[in-house]
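Asker: There's a structure below that I have some questions on.
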Amino acid sequence: PNVARVEGWGRFEELPDLTYPEAIEEAKKIVAQMSLRDKVGQMTPNTTVEQYIPACLKYNDFPYIAGENVEFNLPGSKFTDGPAGVVMGNKSTCFPVSMARGATWDPQLEVRVGEVMGREARALGANLFGGVCVNMLRHPAWGRSQETYGEDPRLLGKMGVAFIEGLQKHVMACVKHYALNSMENMRYKVDVEIDERPLRELYLSQFKACIDSGVAAVMSAYNKFRGAYCGESRLLLTEILREEWGFNGFVVSDFIHGLYDGKRGAEAGLDIEMPICGRYGENLVALVEKGEVDEKYIDAAAIRIISTKIFFSKLGRNKESYPEEIVGSKEHTSLAREVSQKSTVLLKNSENFLPLKREKLKRVVVAGTLAATPNIGEMKGSSRVHPPYIITPLMGLTEGLEEGVAITYKERVDLEQDRQLISEADVVVMVVGLTSNDEGEFIPHWSDGPGGDRPYLGLNKEDLELIDTVAKLTTKTVVVMQGGGMILTHPWDQKVSALLMQWYAGMEGGRALCDLLLGKVNPSAKLPLTIVKEPSQLPYFNKDAQEMTYDYYHGYFLTDSKGYEVSYPFGFGLSYTTYGYSNLSLEESSVKEGGLLKVAVDVENLGEVDGEEVVQLYIGYKESKVERHKKDLREWHKIPLKRGEKKRVTFELSVSDLAYWDGGFVVEKGNYEALVGPSSREEELLSISFEVV
């Protein structure tokens with residue numbers, strides 16, 4: 001195994017807590033004493049090829065170390081992956097995937113998730129967590145949809161920042177994949193073209209939010225951007241990331257195929273090659289010695305790497321201990337259950353069929369292969385987690401319903417043979433959806449091809465037959481979908497009484513599902529994406545394309561602009577209660593550039609049970625002289641409301657948040673709309689006009 005030889009934070013443990021400028025000055029002193037080979041060593045993995053080979057069997061079972069120097073007592077960066085949990089070991093807590101956590105619309109909950117993963121990473125020997133993915137879900141066919149938070153840049157940014165906040169109480173965090181990594185099968189080759197406005201407004205803004213929050217590291221993407229590999233793009237890594245945004249941390253390559261040319265990488269601003277040496281190390285030393293690479297690039301990279309480790313060495317002085325017993329502890333797995341409860345979206349609930357009344361349940365049928373299959377998402381790629389157990393839906397219902405309820409499991413249902421069983425059941429819970437054979441990381445040299453980008457966006461034939469058969473025999477039906485992204489539901493969703501999207505729900509998903517079905521928890525999740533009615537409502541996608549152009553429209557931006565009727569809109573999610581919105585108002589109907597827009601609305605729980613509602617604020621543009629979306633999500637609040645309770649919900653939005661890119665972000669004077677409601681669906685939104693003067 002790749003065991004660190006420099007313990008903890010090495011020579012930095014004796015330092016006081018330093019600001020970043022102070023850490024940079026300290027790093028300069030160290031770098032001034034180093035040889036060229038020492039400095040390049042900071043940019044080079046310590047993990048050898050022989051140590052990395054076991055990754056073909058179990059990826060990241062130990063930290064991948066880079067930049068460790070025993071002579072100088074310099075600690076390495078010790079990398080572990082995510083984002084559903086720490087991928088090292090065999091007992092990490094497995095949370096619902098990031099897409100599910102995006103559906104919570106709950107940044108404070110995501111801070112708590114980050115804290116747990118940070119603790120577990122430290123307990124397993126890592127100090128750098130590489131699982132903060134904020135790539136845009138441009139198209140639901142993307143194989144790694146499960147690793148990001150949704151289709152909106154503001155949602156991506158706020159959730160990513162929250163994750164980083166929690167993680168960096170314990171470890172350095174790395175945000176990825178910078179940038180434009182929104183397709184999987186051709187990720188090593190595709191060259192992405194994009195105009196400046198969608199680039200800045202949709203695909204980079206969430207990364208900038210993470211940079212502004214103080215993230216330690218950035219991972220470059222595999223793909224090309226305007227003809228250059230992202231890991232060799234000076235525009236991305238130096239001009240935008242450092243010169244425009246002021247990023248102080250270090251950049252690591254994506255693994256194996258993230259760097260092709262050592263000279264181009266070093267000069268572009270790629271600091272660390274991962275996870276094994278290929279283009280840096282002795283190759284980079286030789287390039288400098290031959291005069292082909294200026295040593296100033298090596299000095300700059302070494303200073304960035306060392307100063308970041310100095311700055312974050314304060315984590316070694318945080319007075320916390322990290323015994324391995326905390327990994328997968330009851331406290332941590334309880335949070336995984338809570339996250340699944342709060343991330344499962346109730347999409348349909350005809351005649352309030354849910355929640356089920358426990359005292360009236362005598363016969364329950366649970367059906368579908370996935371009901372009895374441990375299904376936490378990625379099972380072969382870099383985000384695979386190895387928890388100590390996984391509670392399936394069947395296990396969760398069996399445990400939660402306890403004695404007195406006859407539970408029958410059917411992998412498939414036969415129309416004739418099972419007619420009596422189904423027709424006499426109090427409820428039939430069908431679990432359908434996707435697995436890592438349908439989507440996930442595409443690693444052709446490691447696998448026989450399953451996973452990757454999805455060629456088909458609906459359910460498989462067996463699941464559709466199951467729903468159709470059961471619906472012919474009873475109306476007492478609940479369908480639970482599992483998957484990492486959008487699944488087409490039209491027209492079969494009209495046949496069922498209740499429909500939930502549970503995503504890949506983590507190790508406690510089965511228990512969380514039972515809690516929701518029985519009404520022990522009131523659903524509060526909202527879709528972080530649009531479920532379209534048919535694929536023609538989506539942007540162009542070709543999983544085999546080597547050139548792609550990304551534009552200004554996808555998700556609800558596209559369906560809004562075209563006026564499409566979708567199955568379930570972005571931001572939508574039902575509850576076991578209903579909420580009323582009224583009295584939308586502005587503090588001032590005219591605001592100045594540089595000022596604050598203050599919006600308020602009354603939200604009332606009109607039902608009989610307590611709940612939580614995600615109150616969403618969108619901005620619309622009236623008579624804009626430039627092309628704009630019909631509306632953009634700009635803020636939201638998740639608020640608890642007891643039955644019958646009414647609250648006044650207020651938003652304060654900087655006028656700068658109305659800006660569009662024109663060589664820089666500029667605010668257009670003129671008329672706008674503030675739209676507030678429970679989803680992006682136009683009919684559900686209250687609106688009020690204001691003017692920027």
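Residues are referred to by chain and number: the chain letter is A, B, ... according to the order shown in the structure tokens, the number counts from 1 in that chain, and ligands are numbered separately from 1 in the order shown.
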Report as CSV: every residue of range 59-152 of chain A with an atom at most 9 Å from range 11-27 of chain A, its closest pair of atoms, and their distance in Å to one decimal, counting only C-alpha atoms, with rows sorted by chain and ascending residue number.
Answerer:
```
residue,atom,partner,partner_atom,distance
A:Phe72,CA,A:Arg11,CA,7.8
A:Asn73,CA,A:Arg11,CA,5.5
A:Leu74,CA,A:Arg11,CA,6.3
A:Pro75,CA,A:Arg11,CA,7.9
```
Asker: List every residue of range 496-659 of chain A that DSSP, applied to the backbone of this structure, places in helix (DSSP H, G or I), and write the result as a ChimeraX atom specification.
Answerer: /A:509-517,535-537,555-562,655-658
Asker: Can you work out the spacing between CA of Leu124 in chain A and CA of Gln206 in chain A in Å, to one decimal?
Answerer: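 Separation of CA of Leu124 in chain A and CA of Gln206 in chain A: 29.3 Å.
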Asker: Quick one: of A:Asp551, A:Glu282, A:Asp418, A:Glu673, who's nearest to Leu180 in chain A, counting only C-alpha atoms?
Answerer: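 Closest residue, counting only C-alpha atoms: A:Asp551.
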Asker: Under the rule that only C-alpha atoms are counted, which of A:Met117, A:Leu315, A:Val366, A:Leu109 is the nearest residue to Trp9 in chain A?
Answerer: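 Looking at the shortest contact to Trp9 in chain A, the residue is A:Leu315.
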Asker: So how far away is CA of Lys647 in chain A from CA of Leu633 in chain A, in Å?
Answerer: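 So the answer is 21.4 Å.
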Asker: Using DSSP assignments from the backbone, pull out every residue in range 156-227 of chain A that falls under strand (DSSP E) and give it to me as a list in words.
Answerer: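 Taking range 156-227 of chain A and keeping strand (DSSP E) only, one gets Met172, Ala173, Cys174, Val175, Lys176, His177, Tyr178, Asp191, Val192, Glu193, Ile194, Ala217, Val218, Met219, Ser220, Lys224 and Phe225 of chain A.
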Asker: Would you put the residues from that selection into a file with N, CA and C atoms, as a short mmCIF file (atom, residue, chain, number, x, y, z; two decimals), in the first residue's frame?
Answerer:
```cif
data_model
loop_
_atom_site.label_atom_id
_atom_site.label_comp_id
_atom_site.auth_asym_id
_atom_site.auth_seq_id
_atom_site.Cartn_x
_atom_site.Cartn_y
_atom_site.Cartn_z
N MET A 172 -8.82 19.15 2.99
CA MET A 172 -8.88 20.01 1.82
C MET A 172 -9.92 19.43 0.85
N ALA A 173 -10.63 20.30 0.16
CA ALA A 173 -11.62 19.86 -0.82
C ALA A 173 -11.14 20.21 -2.22
N CYS A 174 -11.53 19.37 -3.18
CA CYS A 174 -11.17 19.57 -4.58
C CYS A 174 -12.45 19.58 -5.40
N VAL A 175 -12.69 20.67 -6.14
CA VAL A 175 -13.88 20.78 -6.98
C VAL A 175 -13.53 20.34 -8.41
N LYS A 176 -14.49 19.66 -9.06
CA LYS A 176 -14.21 19.08 -10.38
C LYS A 176 -15.46 19.14 -11.25
N HIS A 177 -15.37 18.80 -12.51
CA HIS A 177 -14.22 18.64 -13.40
C HIS A 177 -14.19 19.90 -14.25
N TYR A 178 -13.19 20.70 -14.09
CA TYR A 178 -13.10 22.04 -14.66
C TYR A 178 -12.49 21.96 -16.04
N ASP A 191 -14.15 17.74 -28.07
CA ASP A 191 -13.74 19.14 -28.08
C ASP A 191 -15.01 19.98 -28.01
N VAL A 192 -15.15 20.75 -26.92
CA VAL A 192 -16.37 21.51 -26.69
C VAL A 192 -16.19 22.95 -27.14
N GLU A 193 -17.09 23.39 -27.99
CA GLU A 193 -17.17 24.79 -28.39
C GLU A 193 -18.35 25.43 -27.68
N ILE A 194 -18.19 26.68 -27.29
CA ILE A 194 -19.26 27.36 -26.59
C ILE A 194 -19.02 28.86 -26.67
N ALA A 217 -8.54 23.10 -3.87
CA ALA A 217 -7.99 22.55 -5.11
C ALA A 217 -9.07 22.44 -6.18
N VAL A 218 -8.61 22.38 -7.41
CA VAL A 218 -9.47 22.21 -8.58
C VAL A 218 -8.93 21.04 -9.39
N MET A 219 -9.82 20.18 -9.88
CA MET A 219 -9.41 19.12 -10.79
C MET A 219 -9.81 19.51 -12.21
N SER A 220 -8.86 19.47 -13.11
CA SER A 220 -9.15 19.77 -14.51
C SER A 220 -9.89 18.59 -15.14
N LYS A 224 -11.52 18.45 -24.22
CA LYS A 224 -10.93 19.66 -24.79
C LYS A 224 -11.93 20.81 -24.70
N PHE A 225 -11.38 22.00 -24.67
CA PHE A 225 -12.16 23.23 -24.70
C PHE A 225 -11.51 24.16 -25.72
#
```
Asker: Could you list, as a ChimeraX atom specification, every residue within 7 Å of Val428 in chain A, counting only C-alpha atoms and ignoring same-chain residues fewer than 4 positions away?
Answerer: /A:364-366,476-478
Asker: Just checking: using only C-alpha atoms, which residue out of A:Tyr222, A:Phe665, A:Phe207, A:Tyr188 ends up closest to Phe247 in chain A?
Answerer: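 Looking at the shortest contact to Phe247 in chain A, the residue is A:Phe207.
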Asker: With only C-alpha atoms as the counted atoms, please give the residues lying no more than 9 Å from range 498-504 of chain A, apart from itself and same-chain residues fewer than 4 positions off, as a VMD selection string.
Answerer: chain A and resid 95 to 97 99 to 100 146 340 to 341 343 to 350 352 to 354 375 to 377 433 to 435 476 to 485 493 509 513 527
Asker: With C-alpha atoms retained, export the selected residues as a PDB file, in the first residue's frame.
Answerer:
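The file below, out.pdb, is the result:
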```
ATOM      1  CA  PHE A  95     -25.027   8.698   1.318  1.00  0.00           C
ATOM      2  CA  PRO A  96     -27.562   9.286  -1.426  1.00  0.00           C
ATOM      3  CA  VAL A  97     -25.778  10.469  -4.568  1.00  0.00           C
ATOM      4  CA  MET A  99     -28.198  14.418  -7.566  1.00  0.00           C
ATOM      5  CA  ALA A 100     -30.389  13.209  -4.715  1.00  0.00           C
ATOM      6  CA  GLN A 146     -25.590  11.103 -10.307  1.00  0.00           C
ATOM      7  CA  SER A 340     -32.599   9.996   1.838  1.00  0.00           C
ATOM      8  CA  GLN A 341     -35.802  11.034   3.589  1.00  0.00           C
ATOM      9  CA  SER A 343     -34.117  13.856  -1.055  1.00  0.00           C
ATOM     10  CA  THR A 344     -36.921  11.535  -2.213  1.00  0.00           C
ATOM     11  CA  VAL A 345     -39.285  13.496  -4.461  1.00  0.00           C
ATOM     12  CA  LEU A 346     -43.021  12.779  -4.351  1.00  0.00           C
ATOM     13  CA  LEU A 347     -44.090  13.305  -7.957  1.00  0.00           C
ATOM     14  CA  LYS A 348     -47.660  12.032  -7.890  1.00  0.00           C
ATOM     15  CA  ASN A 349     -50.148  11.217  -5.149  1.00  0.00           C
ATOM     16  CA  SER A 350     -53.632  10.679  -6.569  1.00  0.00           C
ATOM     17  CA  ASN A 352     -53.834  11.331  -1.268  1.00  0.00           C
ATOM     18  CA  PHE A 353     -53.108   7.618  -1.568  1.00  0.00           C
ATOM     19  CA  LEU A 354     -49.982   8.213   0.482  1.00  0.00           C
ATOM     20  CA  ASN A 375     -28.428  -0.322  -5.569  1.00  0.00           C
ATOM     21  CA  ILE A 376     -26.347   2.651  -4.460  1.00  0.00           C
ATOM     22  CA  GLY A 377     -25.319   3.812  -7.938  1.00  0.00           C
ATOM     23  CA  GLY A 433     -35.200   2.183 -12.542  1.00  0.00           C
ATOM     24  CA  LEU A 434     -31.509   2.126 -13.310  1.00  0.00           C
ATOM     25  CA  THR A 435     -28.286   0.539 -12.089  1.00  0.00           C
ATOM     26  CA  LYS A 476     -53.456   0.624  -5.097  1.00  0.00           C
ATOM     27  CA  THR A 477     -50.067   1.213  -6.628  1.00  0.00           C
ATOM     28  CA  VAL A 478     -46.869   2.996  -5.634  1.00  0.00           C
ATOM     29  CA  VAL A 479     -43.932   3.228  -8.027  1.00  0.00           C
ATOM     30  CA  VAL A 480     -40.499   4.078  -6.641  1.00  0.00           C
ATOM     31  CA  MET A 481     -37.845   5.048  -9.188  1.00  0.00           C
ATOM     32  CA  GLN A 482     -34.130   4.607  -8.584  1.00  0.00           C
ATOM     33  CA  GLY A 483     -31.473   6.241 -10.735  1.00  0.00           C
ATOM     34  CA  GLY A 484     -28.923   9.010 -11.026  1.00  0.00           C
ATOM     35  CA  GLY A 485     -30.925  11.397 -13.165  1.00  0.00           C
ATOM     36  CA  ASP A 493     -47.260   7.409 -14.807  1.00  0.00           C
ATOM     37  CA  GLY A 509     -32.429   4.123   1.499  1.00  0.00           C
ATOM     38  CA  LEU A 513     -38.438   4.784   1.950  1.00  0.00           C
ATOM     39  CA  LEU A 527     -36.620  18.116  -8.541  1.00  0.00           C
TER      40      LEU A 527
END
```
Asker: Can you list, as JSON, numbers by chain, every protein, DNA or RNA residue that comes within 8 Å of range 157-169 of chain A when you count only C-alpha atoms, leaving out same-chain residues fewer than 6 positions away?
Answerer: {"A": [102, 105, 106, 107, 108, 110, 111, 112, 113, 114, 115, 116, 117, 118, 119, 129, 132, 133, 134, 149, 205, 206, 207, 209, 210, 213, 215, 315]}
Asker: Would you work out the distance separating CA of Tyr660 in chain A from CA of Pro569 in chain A, expressed in Å to one decimal?
Answerer: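 According to the coordinates, CA of Tyr660 in chain A and CA of Pro569 in chain A are separated by 24.3 Å.
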Asker: Can you pull out every residue within 8 Å of Glu593 in chain A, counting only C-alpha atoms, but drop anything in the same chain fewer than 6 positions away, and send it as a VMD selection string?
Answerer: chain A and resid 655 to 656 667 669 692 to 693
Asker: Can you spit out the residues from that selection as a PDB file, in the first residue's frame, using C-alpha atoms?
Answerer:
```pdb
ATOM      1  CA  VAL A 655     -28.891  43.554  -8.161  1.00  0.00           C
ATOM      2  CA  SER A 656     -25.576  42.213  -9.478  1.00  0.00           C
ATOM      3  CA  VAL A 667     -26.586  44.749 -15.221  1.00  0.00           C
ATOM      4  CA  LYS A 669     -31.297  48.840 -16.708  1.00  0.00           C
ATOM      5  CA  VAL A 692     -33.460  48.684 -12.288  1.00  0.00           C
ATOM      6  CA  VAL A 693     -32.591  52.348 -12.668  1.00  0.00           C
TER       7      VAL A 693
END
```
Asker: So which one's closest to Glu588 in chain A, A:Tyr409, A:Phe690, A:Phe572, A:Tyr64? Using only C-alpha atoms, please.
Answerer: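 Of the candidates, the smallest distance to Glu588 in chain A is held by A:Phe690.
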Asker: Which of these residues is nearest to Leu658 in chain A, using only C-alpha atoms: A:Tyr550, A:Val432, A:Lys91, A:Glu201?
Answerer: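 Nearest to Leu658 in chain A: A:Glu201.
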Asker: Please provide as an mmCIF file with N, CA and C atoms, in the first residue's frame all residues within 7 Å of Thr308 in chain A, with the sequence filter that same-chain residues fewer than 4 positions apart are discarded (counting only C-alpha atoms).
Answerer:
```
data_model
loop_
_atom_site.group_PDB
_atom_site.id
_atom_site.type_symbol
_atom_site.label_atom_id
_atom_site.label_comp_id
_atom_site.auth_asym_id
_atom_site.auth_seq_id
_atom_site.Cartn_x
_atom_site.Cartn_y
_atom_site.Cartn_z
ATOM 1 N N ALA A 216 -9.768 24.431 -1.699
ATOM 2 C CA ALA A 216 -8.315 24.248 -1.724
ATOM 3 C C ALA A 216 -7.783 23.913 -3.108
ATOM 4 N N GLY A 249 -5.217 28.255 -4.651
ATOM 5 C CA GLY A 249 -4.900 26.854 -4.416
ATOM 6 C C GLY A 249 -4.200 26.194 -5.584
ATOM 7 N N ARG A 304 2.392 27.392 -4.996
ATOM 8 C CA ARG A 304 0.943 27.208 -4.829
ATOM 9 C C ARG A 304 0.637 25.946 -4.031
ATOM 10 N N PHE A 312 -3.826 25.028 5.024
ATOM 11 C CA PHE A 312 -4.767 24.040 5.546
ATOM 12 C C PHE A 312 -4.170 23.163 6.637
#
```
Asker: Quick one: of A:Gly143, A:Thr398, A:Lys526, A:Glu292, who's nearest to Ser436 in chain A, counting only C-alpha atoms?
Answerer: A:Gly143
Asker: What are the nearest atom pairs, with distances in Å to one decimal, for all residues of range 224-332 of chain A that come at most 12 Å from range 38-47 of chain A, using only C-alpha atoms, set out by chain and rising residue number as CSV?
Answerer:
```
residue,atom,partner,partner_atom,distance
A:Phe250,CA,A:Met43,CA,9.7
A:Val251,CA,A:Met43,CA,9.8
A:Val252,CA,A:Met43,CA,8.8
A:Ser253,CA,A:Met43,CA,10.4
A:Phe255,CA,A:Pro45,CA,11.1
A:Ile256,CA,A:Pro45,CA,11.5
A:Gly262,CA,A:Met43,CA,10.8
A:Gly265,CA,A:Met43,CA,10.9
A:Ala266,CA,A:Met43,CA,9.2
A:Gly269,CA,A:Met43,CA,10.9
A:Leu270,CA,A:Met43,CA,8.7
A:Asp271,CA,A:Met43,CA,5.6
A:Ile272,CA,A:Met43,CA,4.3
A:Glu273,CA,A:Thr44,CA,5.8
A:Met274,CA,A:Pro45,CA,6.2
A:Pro275,CA,A:Pro45,CA,5.9
A:Ile276,CA,A:Pro45,CA,5.3
A:Cys277,CA,A:Pro45,CA,5.8
A:Gly278,CA,A:Thr44,CA,8.9
A:Arg279,CA,A:Thr44,CA,9.0
A:Tyr280,CA,A:Thr44,CA,6.1
A:Gly281,CA,A:Thr44,CA,5.6
A:Glu282,CA,A:Val40,CA,8.2
A:Asn283,CA,A:Val40,CA,9.7
A:Leu284,CA,A:Val40,CA,7.2
A:Val285,CA,A:Val40,CA,6.8
A:Ala286,CA,A:Val40,CA,10.5
A:Leu287,CA,A:Val40,CA,11.1
A:Val288,CA,A:Val40,CA,9.9
A:Glu289,CA,A:Val40,CA,11.9
A:Val293,CA,A:Val40,CA,12.0
A:Glu295,CA,A:Lys39,CA,9.6
A:Lys296,CA,A:Lys39,CA,10.8
A:Tyr297,CA,A:Val40,CA,10.1
A:Ile298,CA,A:Val40,CA,6.5
A:Asp299,CA,A:Lys39,CA,6.9
A:Ala300,CA,A:Lys39,CA,9.6
A:Ala301,CA,A:Met43,CA,7.3
A:Ala302,CA,A:Lys39,CA,5.7
A:Ile303,CA,A:Lys39,CA,8.8
A:Arg304,CA,A:Gln42,CA,9.8
A:Ile305,CA,A:Gln42,CA,7.0
A:Ile306,CA,A:Gln42,CA,7.9
A:Ser307,CA,A:Gln42,CA,11.5
A:Thr308,CA,A:Gln42,CA,11.9
A:Lys309,CA,A:Gln42,CA,11.0
```
Asker: Any chance you could export the current selection's C-alpha atoms as an mmCIF file, in the first residue's frame?
Answerer:
```cif
data_model
loop_
_atom_site.group_PDB
_atom_site.id
_atom_site.type_symbol
_atom_site.label_atom_id
_atom_site.label_comp_id
_atom_site.auth_asym_id
_atom_site.auth_seq_id
_atom_site.Cartn_x
_atom_site.Cartn_y
_atom_site.Cartn_z
ATOM 1 C CA PHE A 250 -3.538 24.128 -6.664
ATOM 2 C CA VAL A 251 -4.862 22.330 -9.751
ATOM 3 C CA VAL A 252 -4.673 18.551 -10.124
ATOM 4 C CA SER A 253 -5.202 16.611 -13.327
ATOM 5 C CA PHE A 255 -6.568 10.636 -13.536
ATOM 6 C CA ILE A 256 -4.342 8.871 -16.096
ATOM 7 C CA GLY A 262 4.265 18.057 -19.592
ATOM 8 C CA GLY A 265 0.546 21.377 -18.636
ATOM 9 C CA ALA A 266 3.196 23.217 -16.626
ATOM 10 C CA GLY A 269 -0.897 26.106 -14.763
ATOM 11 C CA LEU A 270 -1.571 22.435 -14.049
ATOM 12 C CA ASP A 271 0.179 21.925 -10.712
ATOM 13 C CA ILE A 272 -0.063 18.197 -9.948
ATOM 14 C CA GLU A 273 -0.267 15.220 -12.280
ATOM 15 C CA MET A 274 -2.417 12.409 -10.863
ATOM 16 C CA PRO A 275 -2.377 9.649 -9.807
ATOM 17 C CA ILE A 276 0.939 8.264 -11.152
ATOM 18 C CA CYS A 277 3.840 9.933 -12.883
ATOM 19 C CA GLY A 278 3.720 10.107 -16.668
ATOM 20 C CA ARG A 279 4.470 13.600 -17.984
ATOM 21 C CA TYR A 280 5.939 15.322 -14.909
ATOM 22 C CA GLY A 281 8.683 13.847 -12.684
ATOM 23 C CA GLU A 282 11.966 13.254 -14.503
ATOM 24 C CA ASN A 283 10.385 14.168 -17.826
ATOM 25 C CA LEU A 284 9.598 17.682 -16.579
ATOM 26 C CA VAL A 285 13.007 18.022 -14.929
ATOM 27 C CA ALA A 286 14.615 17.241 -18.293
ATOM 28 C CA LEU A 287 12.448 19.795 -20.092
ATOM 29 C CA VAL A 288 13.564 22.511 -17.685
ATOM 30 C CA GLU A 289 17.226 21.495 -17.866
ATOM 31 C CA VAL A 293 10.248 24.967 -19.933
ATOM 32 C CA GLU A 295 11.742 27.242 -14.268
ATOM 33 C CA LYS A 296 9.440 30.079 -13.219
ATOM 34 C CA TYR A 297 6.455 27.822 -13.968
ATOM 35 C CA ILE A 298 7.873 25.157 -11.657
ATOM 36 C CA ASP A 299 8.512 27.693 -8.899
ATOM 37 C CA ALA A 300 4.986 29.067 -9.191
ATOM 38 C CA ALA A 301 3.428 25.614 -9.010
ATOM 39 C CA ALA A 302 5.558 24.553 -6.031
ATOM 40 C CA ILE A 303 4.652 27.736 -4.176
ATOM 41 C CA ARG A 304 0.943 27.208 -4.829
ATOM 42 C CA ILE A 305 1.079 23.597 -3.668
ATOM 43 C CA ILE A 306 3.126 24.221 -0.538
ATOM 44 C CA SER A 307 1.285 27.400 0.486
ATOM 45 C CA THR A 308 -2.041 25.590 0.230
ATOM 46 C CA LYS A 309 -0.783 22.777 2.440
#
```
